[in-house]
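The file coords-v2.cif contains mmCIF, C-alpha atoms:
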```cif
data_target
#
loop_
_atom_site.label_atom_id
_atom_site.label_comp_id
_atom_site.auth_asym_id
_atom_site.auth_seq_id
_atom_site.Cartn_x
_atom_site.Cartn_y
_atom_site.Cartn_z
CA MET A 198 0.00 0.00 0.00
CA GLY A 199 1.14 3.55 -0.68
CA ILE A 200 1.37 6.18 2.03
CA ASP A 201 -2.13 7.37 1.12
CA GLY A 202 -3.56 3.85 1.31
CA SER A 203 -3.68 3.27 -2.45
CA ALA A 204 -2.87 -0.19 -3.74
CA ILE A 205 0.51 -0.79 -5.33
CA SER A 206 1.07 -3.77 -7.61
CA ALA A 207 4.38 -5.31 -8.62
CA LYS A 208 4.96 -6.68 -12.10
CA ALA A 209 7.94 -7.75 -14.16
CA LEU A 210 9.01 -5.14 -16.69
CA SER A 211 8.50 -7.45 -19.66
CA ASP A 212 4.94 -8.26 -18.50
CA ILE A 213 3.83 -4.65 -18.94
CA CYS A 214 5.41 -4.20 -22.37
CA THR A 215 3.85 -4.62 -25.78
CA ASN A 216 7.29 -5.01 -27.37
CA VAL A 217 10.66 -6.26 -26.15
CA ASP A 218 13.11 -6.16 -29.08
CA TYR A 219 16.78 -6.53 -29.81
CA GLY A 220 18.16 -3.81 -32.06
CA TYR A 221 19.35 -3.49 -35.62
CA THR A 222 22.79 -4.53 -36.92
CA ALA A 223 24.17 -1.84 -39.19
CA SER A 224 27.16 0.44 -39.75
CA ALA A 225 26.99 3.95 -38.38
CA SER A 226 27.52 6.81 -40.81
CA ALA A 227 28.10 10.50 -40.30
CA GLU A 228 26.34 11.05 -43.62
CA ARG A 229 22.55 11.30 -43.79
CA VAL A 230 22.02 7.91 -45.49
CA GLY A 231 18.90 6.90 -43.58
CA PRO A 232 17.40 7.13 -40.09
CA ARG A 233 19.33 8.09 -36.98
CA PHE A 234 21.13 5.10 -35.46
CA LEU A 235 21.09 5.12 -31.65
CA ARG A 236 24.01 3.21 -30.11
CA ILE A 237 25.21 2.45 -26.58
CA THR A 238 27.85 5.18 -26.89
CA ASP A 239 25.12 7.74 -27.59
CA ILE A 240 23.62 7.18 -24.14
CA GLN A 241 25.31 9.51 -21.68
CA GLY A 242 24.02 9.65 -18.14
CA GLY A 243 20.53 8.48 -19.08
CA ARG A 244 20.09 10.89 -21.98
CA PHE A 245 21.10 11.36 -25.59
CA ASP A 246 21.38 14.21 -28.05
CA TRP A 247 19.75 13.40 -31.39
CA LEU A 248 21.95 15.92 -33.18
CA LYS A 249 25.01 13.86 -32.21
CA VAL A 250 23.49 10.47 -33.11
CA PRO A 251 24.81 9.12 -36.46
CA PHE A 252 22.80 7.64 -39.31
CA CYS A 253 22.52 4.20 -40.92
CA GLU A 254 21.03 2.59 -43.98
CA ALA A 255 17.71 0.81 -43.44
CA ASN A 256 14.98 -0.23 -45.84
CA GLU A 257 11.33 0.46 -45.05
CA LYS A 258 10.75 -2.97 -43.47
CA GLU A 259 13.79 -2.64 -41.22
CA PHE A 260 12.91 0.93 -40.36
CA GLN A 261 9.40 0.05 -39.27
CA LYS A 262 10.60 -2.93 -37.21
CA TYR A 263 13.26 -1.00 -35.27
CA ARG A 264 11.72 2.46 -35.32
CA LEU A 265 11.86 4.32 -32.01
CA ALA A 266 8.74 6.00 -30.70
CA LEU A 267 7.83 8.38 -27.88
CA GLY A 268 8.16 6.62 -24.51
CA ASP A 269 10.41 3.79 -25.73
CA ILE A 270 13.10 2.70 -23.28
CA VAL A 271 16.42 1.36 -24.59
CA ILE A 272 18.77 -0.60 -22.32
CA ALA A 273 22.38 -1.55 -23.04
CA ARG A 274 22.85 -5.31 -22.89
CA THR A 275 26.61 -5.77 -23.09
CA GLY A 276 29.95 -4.69 -21.65
CA ASN A 277 30.52 -2.37 -18.74
CA SER A 278 27.56 -0.34 -19.97
CA THR A 279 25.11 -3.18 -19.30
CA GLY A 280 21.97 -1.68 -17.77
CA GLU A 281 22.67 1.86 -18.93
CA ASN A 282 19.42 3.12 -20.33
CA ALA A 283 17.59 6.12 -21.71
CA GLN A 284 14.05 6.96 -22.70
CA VAL A 285 12.62 8.79 -25.70
CA TRP A 286 11.11 11.78 -23.85
CA ASN A 287 10.10 13.86 -26.84
CA GLU A 288 8.81 13.00 -30.29
CA PRO A 289 11.93 11.55 -31.95
CA PRO A 290 13.21 12.05 -35.49
CA GLU A 291 13.26 9.01 -37.76
CA ALA A 292 15.51 6.70 -35.74
CA VAL A 293 16.33 3.05 -35.12
CA PHE A 294 18.38 1.43 -32.38
CA ALA A 295 21.51 -0.73 -32.54
CA SER A 296 21.84 -4.44 -31.82
CA TYR A 297 23.56 -4.00 -28.45
CA LEU A 298 20.46 -2.24 -27.16
CA ILE A 299 17.12 -3.77 -26.14
CA ARG A 300 13.95 -1.75 -26.62
CA PHE A 301 11.17 -2.04 -24.02
CA ARG A 302 7.89 -0.46 -25.13
CA VAL A 303 5.56 -0.08 -22.16
CA ASP A 304 1.81 -0.67 -22.59
CA ALA A 305 0.33 2.72 -21.68
CA ALA A 306 -2.90 1.01 -20.61
CA GLN A 307 -1.02 -0.76 -17.82
CA ALA A 308 1.53 1.85 -16.75
CA ASN A 309 2.77 5.34 -17.46
CA PRO A 310 5.88 4.64 -19.64
CA PHE A 311 7.81 7.49 -18.05
CA PHE A 312 7.01 6.30 -14.53
CA VAL A 313 8.51 2.95 -15.52
CA GLY A 314 11.48 4.70 -17.13
CA TYR A 315 12.26 6.52 -13.89
CA GLN A 316 12.40 3.22 -12.03
CA LEU A 317 15.10 2.06 -14.45
CA ARG A 318 17.22 5.01 -13.32
CA SER A 319 17.11 3.90 -9.69
CA ASP A 320 19.63 2.17 -7.45
CA ARG A 321 17.20 -0.74 -7.29
CA PHE A 322 17.52 -1.33 -11.03
CA ARG A 323 21.30 -0.98 -10.90
CA GLU A 324 21.38 -3.61 -8.17
CA HIS A 325 19.19 -5.86 -10.33
CA VAL A 326 21.59 -5.49 -13.27
CA SER A 327 24.59 -6.28 -11.07
CA ALA A 328 22.87 -9.45 -9.89
CA VAL A 329 21.97 -10.75 -13.36
CA ARG A 330 24.96 -9.58 -15.38
CA SER A 331 27.12 -12.50 -16.40
CA GLY A 332 30.34 -13.11 -18.30
CA SER A 333 33.93 -12.13 -17.55
CA ALA A 334 35.66 -10.81 -20.67
CA GLN A 335 32.44 -9.22 -21.95
CA PRO A 336 29.72 -9.13 -19.30
CA GLY A 337 26.13 -8.67 -20.35
CA ALA A 338 22.47 -9.44 -19.76
CA ASN A 339 19.69 -10.59 -22.07
CA ALA A 340 16.12 -9.40 -22.53
CA ARG A 341 14.71 -12.03 -20.19
CA GLN A 342 17.10 -11.07 -17.37
CA LEU A 343 16.53 -7.35 -17.76
CA GLY A 344 12.80 -7.86 -18.27
CA ASN A 345 12.51 -9.70 -14.94
CA PHE A 346 13.08 -6.43 -13.08
CA VAL A 347 10.11 -5.84 -10.79
CA VAL A 348 8.29 -2.55 -11.41
CA HIS A 349 6.16 -0.98 -8.65
CA LEU A 350 2.86 0.33 -9.95
CA PRO A 351 0.57 2.56 -7.89
CA PRO A 352 -2.64 3.75 -9.60
CA LEU A 353 -2.11 5.57 -12.89
CA HIS A 354 -3.05 8.97 -11.44
CA ALA A 355 -0.32 8.57 -8.80
CA GLN A 356 2.15 7.57 -11.50
CA GLU A 357 1.31 10.68 -13.49
CA THR A 358 1.75 13.04 -10.55
CA ALA A 359 5.08 11.44 -9.64
CA VAL A 360 6.27 11.85 -13.23
CA ALA A 361 5.20 15.52 -13.18
CA VAL A 362 7.42 16.23 -10.15
CA LEU A 363 10.40 14.30 -11.47
CA ARG A 364 10.02 15.71 -14.98
CA SER A 365 10.00 19.28 -13.69
CA LEU A 366 13.38 18.65 -12.07
CA ASP A 367 14.69 17.05 -15.24
CA ASP A 368 13.47 20.02 -17.28
CA ARG A 369 15.40 22.41 -15.03
CA ILE A 370 18.49 20.22 -15.34
CA ALA A 371 18.11 20.12 -19.12
CA LEU A 372 17.80 23.91 -19.31
CA LEU A 373 21.00 24.38 -17.33
CA ARG A 374 22.85 21.98 -19.60
CA GLU A 375 21.45 23.60 -22.74
CA THR A 376 22.70 26.90 -21.38
CA ASN A 377 26.10 25.30 -20.83
CA ALA A 378 26.19 24.06 -24.41
CA THR A 379 25.58 27.64 -25.53
CA LEU A 380 28.28 28.98 -23.20
CA GLU A 381 30.71 26.37 -24.52
CA ALA A 382 29.94 27.33 -28.13
CA ILE A 383 30.41 31.03 -27.35
CA ALA A 384 33.73 30.38 -25.58
CA GLN A 385 35.06 28.28 -28.45
CA SER A 386 33.94 30.81 -31.06
CA LEU A 387 35.55 33.72 -29.22
CA PHE A 388 38.70 31.71 -28.60
CA LYS A 389 39.04 30.87 -32.29
CA SER A 390 38.47 34.50 -33.21
CA TRP A 391 41.21 35.70 -30.86
CA PHE A 392 43.83 32.96 -31.03
CA VAL A 393 43.37 31.23 -34.39
CA ASP A 394 41.88 33.77 -36.81
CA PHE A 395 43.40 36.84 -35.06
CA ASP A 396 40.34 38.91 -35.94
CA ALA A 397 41.07 41.72 -33.46
CA VAL A 398 44.67 42.07 -34.66
CA ARG A 399 43.62 42.06 -38.31
CA THR A 400 41.05 44.76 -37.60
CA LYS A 401 43.64 46.91 -35.86
CA GLN A 402 46.05 46.35 -38.76
CA GLN A 403 43.44 47.99 -40.98
CA GLY A 404 43.41 51.02 -38.72
CA LEU A 405 40.03 50.19 -37.25
CA ALA A 406 38.91 49.65 -33.65
CA PRO A 407 38.38 45.94 -32.89
CA ALA A 408 34.74 45.21 -32.15
CA GLY A 409 33.84 44.40 -28.57
CA VAL A 410 37.28 45.40 -27.26
CA ASP A 411 37.85 48.28 -24.88
CA GLU A 412 40.55 50.85 -25.61
CA ALA A 413 42.92 49.52 -22.96
CA THR A 414 42.83 46.01 -24.40
CA ALA A 415 43.06 47.28 -27.98
CA ALA A 416 46.20 49.20 -27.02
CA LEU A 417 47.85 45.92 -26.00
CA LEU A 418 47.37 44.37 -29.43
CA PRO A 419 49.95 44.60 -32.22
CA ASP A 420 48.97 46.10 -35.55
CA GLY A 421 50.96 43.65 -37.65
CA PHE A 422 52.27 40.11 -38.00
CA ASP A 423 55.57 38.27 -37.81
CA ASP A 424 56.66 35.16 -39.67
CA SER A 425 56.94 31.96 -37.64
CA ALA A 426 57.38 28.23 -38.13
CA ILE A 427 53.61 27.89 -38.49
CA GLY A 428 53.04 30.99 -40.62
CA SER A 429 52.15 34.58 -39.83
CA ILE A 430 51.28 35.27 -36.20
CA PRO A 431 50.61 38.53 -34.35
CA ALA A 432 53.81 40.46 -33.69
CA GLY A 433 55.16 39.76 -30.22
CA TRP A 434 53.22 36.54 -29.79
CA LYS A 435 55.05 33.22 -29.56
CA VAL A 436 54.52 29.66 -30.70
CA ALA A 437 54.61 26.99 -28.00
CA ALA A 438 53.79 23.31 -27.60
CA LEU A 439 50.57 22.35 -25.84
CA ASP A 440 52.50 20.45 -23.18
CA LYS A 441 54.57 23.58 -22.46
CA ILE A 442 51.61 25.69 -21.37
CA ALA A 443 50.15 22.97 -19.12
CA THR A 444 51.07 19.84 -17.20
CA PHE A 445 49.37 16.63 -18.36
CA LEU A 446 49.41 14.26 -15.38
CA ASN A 447 48.57 10.67 -16.30
CA GLY A 448 46.46 8.72 -13.81
CA LEU A 449 47.39 5.68 -11.76
CA ALA A 450 46.72 1.97 -12.08
CA LEU A 451 44.33 2.25 -9.16
CA GLN A 452 43.88 -1.49 -8.68
CA LYS A 453 47.20 -1.18 -6.85
CA PHE A 454 45.52 1.10 -4.30
CA PRO A 455 42.58 -0.89 -2.93
CA PRO A 456 40.08 0.74 -0.54
CA SER A 457 40.65 0.24 3.15
CA ASP A 458 38.95 0.78 6.47
CA ASP A 459 40.40 4.29 6.44
CA GLY A 460 38.17 5.26 3.55
CA TRP A 461 37.95 5.24 -0.21
CA LEU A 462 37.57 7.39 -3.30
CA PRO A 463 35.49 6.62 -6.39
CA VAL A 464 37.68 5.80 -9.38
CA ILE A 465 37.28 8.20 -12.29
CA LYS A 466 37.77 6.24 -15.50
CA ILE A 467 36.86 7.11 -19.08
CA ALA A 468 33.30 5.86 -18.48
CA GLN A 469 32.87 8.22 -15.52
CA LEU A 470 34.28 11.14 -17.51
CA ARG A 471 31.83 10.52 -20.33
CA LYS A 472 28.75 10.35 -18.13
CA GLY A 473 29.95 12.99 -15.69
CA ASP A 474 29.47 11.19 -12.39
CA THR A 475 30.86 8.36 -10.26
CA VAL A 476 27.67 6.38 -9.72
CA GLY A 477 28.61 2.69 -9.68
CA ALA A 478 32.34 3.49 -9.99
CA ASP A 479 35.09 1.26 -8.65
CA ARG A 480 36.75 2.27 -5.40
CA ALA A 481 40.35 3.10 -4.56
CA GLY A 482 42.17 3.79 -1.33
CA THR A 483 42.85 7.29 -0.08
CA ASN A 484 46.60 6.58 0.14
CA ILE A 485 47.37 8.27 -3.18
CA LYS A 486 49.25 11.50 -3.71
CA SER A 487 47.06 14.59 -3.65
CA ASP A 488 48.01 15.33 -7.25
CA TYR A 489 45.94 12.30 -8.30
CA VAL A 490 42.83 13.42 -6.42
CA VAL A 491 40.28 14.98 -8.78
CA LYS A 492 38.03 17.80 -7.60
CA ASN A 493 35.23 19.80 -9.15
CA GLY A 494 36.60 22.26 -11.69
CA ASP A 495 39.59 20.13 -12.72
CA VAL A 496 40.24 19.73 -16.44
CA LEU A 497 40.35 16.05 -17.46
CA PHE A 498 41.43 14.65 -20.81
CA SER A 499 40.94 11.00 -21.78
CA TRP A 500 43.78 10.18 -24.17
CA SER A 501 42.77 6.59 -24.94
CA GLY A 502 39.62 4.97 -26.29
CA SER A 503 36.98 7.69 -26.30
CA LEU A 504 38.94 10.95 -26.37
CA GLU A 505 37.18 13.68 -24.41
CA VAL A 506 38.16 16.95 -22.73
CA GLU A 507 35.89 18.04 -19.90
CA VAL A 508 35.79 20.29 -16.86
CA TRP A 509 34.96 17.73 -14.19
CA CYS A 510 32.00 18.49 -11.91
CA GLY A 511 31.19 14.99 -10.66
CA GLY A 512 32.67 15.25 -7.17
CA VAL A 513 35.93 14.16 -5.55
CA GLY A 514 37.53 11.06 -7.02
CA ALA A 515 40.79 9.29 -7.91
CA LEU A 516 42.43 9.76 -11.32
CA ASN A 517 42.69 6.48 -13.21
CA GLN A 518 45.19 5.65 -15.92
CA HIS A 519 44.28 6.70 -19.50
CA LEU A 520 43.19 10.07 -18.12
CA PHE A 521 45.24 13.25 -17.85
CA LYS A 522 44.57 15.86 -15.22
CA VAL A 523 45.53 19.11 -16.91
CA THR A 524 46.90 21.98 -14.81
CA SER A 525 49.15 25.00 -15.17
CA LYS A 526 51.03 27.21 -12.75
CA GLU A 527 51.52 29.94 -15.35
CA TYR A 528 48.35 30.17 -17.43
CA PRO A 529 44.65 30.44 -16.50
CA LYS A 530 42.39 27.41 -16.76
CA TRP A 531 40.38 28.71 -19.70
CA PHE A 532 43.54 29.16 -21.75
CA TYR A 533 44.86 25.60 -21.51
CA TYR A 534 41.36 24.08 -21.49
CA LEU A 535 40.32 25.78 -24.74
CA TRP A 536 43.64 25.06 -26.42
CA THR A 537 43.36 21.37 -25.52
CA LEU A 538 39.78 21.35 -26.71
CA TYR A 539 40.85 23.06 -29.95
CA HIS A 540 43.23 20.18 -30.73
CA LEU A 541 40.78 17.45 -29.67
CA GLU A 542 39.52 16.62 -33.15
CA THR A 543 43.09 16.19 -34.42
CA PHE A 544 43.85 13.94 -31.47
CA ARG A 545 40.76 11.87 -32.25
CA GLN A 546 41.91 11.44 -35.84
CA ILE A 547 45.33 10.30 -34.66
CA ALA A 548 43.75 7.81 -32.26
CA ALA A 549 41.40 6.50 -34.94
CA SER A 550 44.35 5.80 -37.23
CA LYS A 551 45.97 3.47 -34.70
CA ALA A 552 45.84 -0.17 -35.74
CA THR A 553 44.69 -1.27 -32.28
CA THR A 554 41.41 -2.11 -30.63
CA MET A 555 41.70 1.03 -28.49
CA GLY A 556 43.12 4.04 -30.29
CA HIS A 557 45.15 6.52 -28.31
CA ILE A 558 47.57 9.40 -28.56
CA GLN A 559 51.09 9.65 -27.16
CA ARG A 560 52.84 12.44 -25.34
CA VAL A 561 54.71 13.35 -28.51
CA HIS A 562 51.37 14.41 -29.98
CA LEU A 563 50.95 16.93 -27.15
CA THR A 564 54.36 18.35 -28.08
CA GLU A 565 53.45 18.49 -31.76
CA ALA A 566 50.21 20.37 -31.01
CA THR A 567 51.13 24.03 -31.31
CA VAL A 568 49.51 26.93 -29.48
CA LEU A 569 49.81 30.70 -29.76
CA VAL A 570 50.74 32.57 -26.61
CA PRO A 571 50.25 36.35 -26.49
CA PRO A 572 52.02 38.57 -23.94
CA ALA A 573 50.86 38.11 -20.36
CA ALA A 574 49.11 41.50 -20.42
CA VAL A 575 46.83 40.37 -23.25
CA ILE A 576 45.92 37.16 -21.43
CA ALA A 577 45.22 39.16 -18.28
CA ALA A 578 42.98 41.57 -20.22
CA LEU A 579 40.99 38.70 -21.71
CA ASP A 580 40.78 36.74 -18.47
CA PRO A 581 37.54 38.33 -17.17
CA LEU A 582 35.72 37.42 -20.39
CA PHE A 583 36.83 33.81 -20.77
CA ALA A 584 37.00 33.04 -17.05
CA SER A 585 33.44 34.24 -16.53
CA LEU A 586 32.17 31.93 -19.28
CA LEU A 587 33.96 28.94 -17.78
CA ASP A 588 33.00 29.80 -14.20
CA ARG A 589 29.34 30.14 -15.16
CA LYS A 590 29.48 26.81 -16.95
CA ILE A 591 30.91 25.12 -13.84
CA GLU A 592 28.33 26.83 -11.60
CA ASN A 593 25.48 25.67 -13.85
CA GLU A 594 26.73 22.10 -13.93
CA LEU A 595 27.07 21.97 -10.15
CA GLN A 596 23.53 23.33 -9.79
CA ALA A 597 22.32 20.69 -12.25
CA ARG A 598 23.99 18.02 -10.15
CA THR A 599 22.34 19.33 -7.00
CA LEU A 600 18.95 19.07 -8.72
CA ALA A 601 19.84 15.60 -9.99
CA SER A 602 20.71 14.54 -6.45
CA LEU A 603 17.33 15.84 -5.25
CA ARG A 604 15.58 13.98 -8.07
CA ASP A 605 17.41 10.76 -7.22
CA THR A 606 16.49 11.18 -3.55
CA LEU A 607 12.82 11.64 -4.38
CA LEU A 608 12.81 8.91 -7.04
CA PRO A 609 12.53 5.76 -4.89
CA ARG A 610 10.03 7.38 -2.52
CA LEU A 611 7.77 8.61 -5.31
CA THR A 612 7.93 5.39 -7.33
CA SER A 613 7.22 3.27 -4.26
CA GLY A 614 4.34 5.42 -3.00
CA GLN A 615 6.16 6.35 0.21
CA LEU A 616 5.93 10.10 -0.46
CA ARG A 617 2.83 12.19 -0.96
CA LEU A 618 2.80 14.63 -3.85
CA HIS A 619 2.56 17.73 -1.65
CA GLN A 620 5.59 16.55 0.32
CA ALA A 621 7.60 16.14 -2.88
CA GLU A 622 6.55 19.57 -4.11
CA ALA A 623 7.60 21.14 -0.80
CA THR A 624 10.99 19.46 -1.03
CA GLN A 625 11.36 20.60 -4.63
CA ALA A 626 10.49 24.20 -3.72
CA GLU A 627 13.35 24.27 -1.23
CA SER A 628 15.91 23.47 -3.97
#
```
Would you write out, as structure tokens, the structure that this file holds?
Amino acid sequence: MGIDGSAISAKALSDICTNVDYGYTASASAERVGPRFLRITDIQGGRFDWLKVPFCEANEKEFQKYRLALGDIVIARTGNSTGENAQVWNEPPEAVFASYLIRFRVDAAQANPFFVGYQLRSDRFREHVSAVRSGSAQPGANARQLGNFVVHLPPLHAQETAVAVLRSLDDRIALLRETNATLEAIAQSLFKSWFVDFDAVRTKQQGLAPAGVDEATAALLPDGFDDSAIGSIPAGWKVAALDKIATFLNGLALQKFPPSDDGWLPVIKIAQLRKGDTVGADRAGTNIKSDYVVKNGDVLFSWSGSLEVEVWCGGVGALNQHLFKVTSKEYPKWFYYLWTLYHLETFRQIAASKATTMGHIQRVHLTEATVLVPPAAVIAALDPLFASLLDRKIENELQARTLASLRDTLLPRLTSGQLRLHQAEATQAES
């Protein structure tokens, strides 16, 4: 019984679905050759961005069989991602799902699909996956095992009100992250304008006042260019290697530092970097040097497998091998972060060309990646602009994580009927 006396039933996930399907085997393409092709790697922290999902070829029969619809839940069935899942929250574009995903389509007459989807984001579901996952080299779970998860079902009206509360939190989180995507795009565009295209210097060379630049900053800029090993650069600026403006500290083989009674730290691996949190992470001892402790605001760069550069906001953790923690004693964070991010696509191309199962870059590639360094006075003049963009991005992400923590706290109580709606709304209003 729920807290208000309403009856709560318990059913296996597969028993309340009209469809339980394995996905489509195809090759992903960046070109628009057919429908979007949702893969395990496109699921990040329970969500996906359709604009980043590739395409695949599919005839009409295949498309109709594997077509994703509003409310569909897809669950990863293999590897360390087993159990990772996401739901189609808004009307999707034409899209199908890959073979390493299983689609569960909930019967709306029996349950609110989104109420069910929230239960698959709970600790209870993660515990279920851990119990049924099998295999050593490549662990996984099949549709029967995942479909045996027991879903709690209060009356439909209670499901709908619970979804309304949880969805409102998710909407606020999504807005913060959309804002961050905009901030990131602005920062990269401005950075390219200043340090790659030299727009302000070129404008001054023409005898004009650079747009958006105050007189004091404009006075610091040269009005001409010098020749260098990489071509013409603003006079007085210098060419440097990426690894000369920042320190790239590689992580530890943390299995050598097991947790102890004195405490532990979650291990930040590539998977944690990609999804942005340490939920379900391995644990390491606290007896590591402080340099290898990761904190909110640290710049992390995965140099193997899936190459990513992120400002970490997922809480304190331990830096695993295959990740660099990027720092500098001389230059501000935005400067080395945006330069590393600028070279990321080149690094990805280098990694992709490696004839190995897990592409990577080497330290020599950091040395070969050139950067332009203006005089310290120019960097100082630009610091308020770029630092404010990065600081706001970090602030937004931390706020999003606070809301996500509140959502995850409310989740089991709302989905089990232990919390009345007005209590949840009061808790939400305090956030």
Checklist entry - Suppose you want the space between CA of Leu265 in chain A and CA of Ile213 in chain A; what is it in Å? => result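 Rounded to one decimal, the two atoms are 17.8 Å apart.
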Item to check | Distance query range 405-418 of chain A at most 10 Å, all atoms listed in the file, self and fewer than 3 positions along chain excluded, as number ranges by chain | outcome: A: 396-402, 421, 431-434, 571-572, 574-579
Next on the checklist: Give me the residues near range 217-221 of chain A as a VMD selection string, where near means some atom within 6 Å (using only C-alpha atoms) and where sequence neighbours in that chain fewer than 3 positions away do not count.
Outcome noted: chain A and resid 294 to 296 298 to 301
Item to check | Surrounding residues of Thr275 in chain A excluding itself and chain neighbours under 6 positions, 9 Å, all atoms listed in the file, as an NGL selection string | outcome: :A and (297-298 or 330 or 335-339)
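Relative to CA of Gln241 in chain A, CA of Lys492 in chain A is found at 20.7 Å.
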Checklist entry - In Å, how far is it from CA of His325 in chain A to CA of His349 in chain A? => result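 About the pair CA of His325 in chain A and CA of His349 in chain A: they are 14.0 Å apart.
With only C-alpha atoms as the atoms that count, the minimum distance from Arg598 in chain A to the choices A:Ser206, A:Asn256, A:Gln385, A:Thr475 is reached by A:Thr475.
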Next on the checklist: Could you tell me, as number ranges by chain, exactly which residues end up selected when the PyMOL selection byres ((chain A and resi 548) around 9) is applied to this structure?
Outcome noted: A: 500-502, 504, 543-547, 549-552, 555-558
Using the chain letters and numbers from this file, what does the PyMOL selection byres ((chain A and resi 252) around 9) select? Give the answer as an mmCIF file with C-alpha atoms, keeping the file's coordinate frame.
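Produced file selection-v4.cif, reproduced below:
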```cif
data_model
loop_
_atom_site.group_PDB
_atom_site.id
_atom_site.type_symbol
_atom_site.label_atom_id
_atom_site.label_comp_id
_atom_site.auth_asym_id
_atom_site.auth_seq_id
_atom_site.Cartn_x
_atom_site.Cartn_y
_atom_site.Cartn_z
ATOM 1 C CA SER A 224 27.160 0.440 -39.750
ATOM 2 C CA ALA A 225 26.990 3.950 -38.380
ATOM 3 C CA SER A 226 27.520 6.810 -40.810
ATOM 4 C CA ALA A 227 28.100 10.500 -40.300
ATOM 5 C CA GLU A 228 26.340 11.050 -43.620
ATOM 6 C CA ARG A 229 22.550 11.300 -43.790
ATOM 7 C CA VAL A 230 22.020 7.910 -45.490
ATOM 8 C CA GLY A 231 18.900 6.900 -43.580
ATOM 9 C CA PRO A 232 17.400 7.130 -40.090
ATOM 10 C CA ARG A 233 19.330 8.090 -36.980
ATOM 11 C CA PHE A 234 21.130 5.100 -35.460
ATOM 12 C CA LEU A 235 21.090 5.120 -31.650
ATOM 13 C CA VAL A 250 23.490 10.470 -33.110
ATOM 14 C CA PRO A 251 24.810 9.120 -36.460
ATOM 15 C CA CYS A 253 22.520 4.200 -40.920
ATOM 16 C CA GLU A 254 21.030 2.590 -43.980
ATOM 17 C CA ALA A 292 15.510 6.700 -35.740
ATOM 18 C CA VAL A 293 16.330 3.050 -35.120
#
```
Next on the checklist: With all atoms listed in the file as the counted atoms, please give the residues lying no more than 12 Å from range 317-320 of chain A, apart from itself and same-chain residues fewer than 3 positions off, as a VMD selection string.
Outcome noted: chain A and resid 210 242 to 244 270 to 273 280 to 284 301 310 to 314 323 to 327 343 to 344 346 to 349 363 476 to 477 601 to 602 604 to 613
Item to check | Point (35.3, 26.7, -22.3), cut-off 10 Å, counting all atoms listed in the file, residues as a count of residues only | outcome: 30
Please, what is the axis-aligned box for every listed atom of range 324-336 of chain A with 5 Å on each side, as centre and edge lengths in Å to one decimal, as JSON?
```
{"center_x": 27.4, "center_y": -8.4, "center_z": -15.1, "size_x": 26.5, "size_y": 19.5, "size_z": 23.8}
```
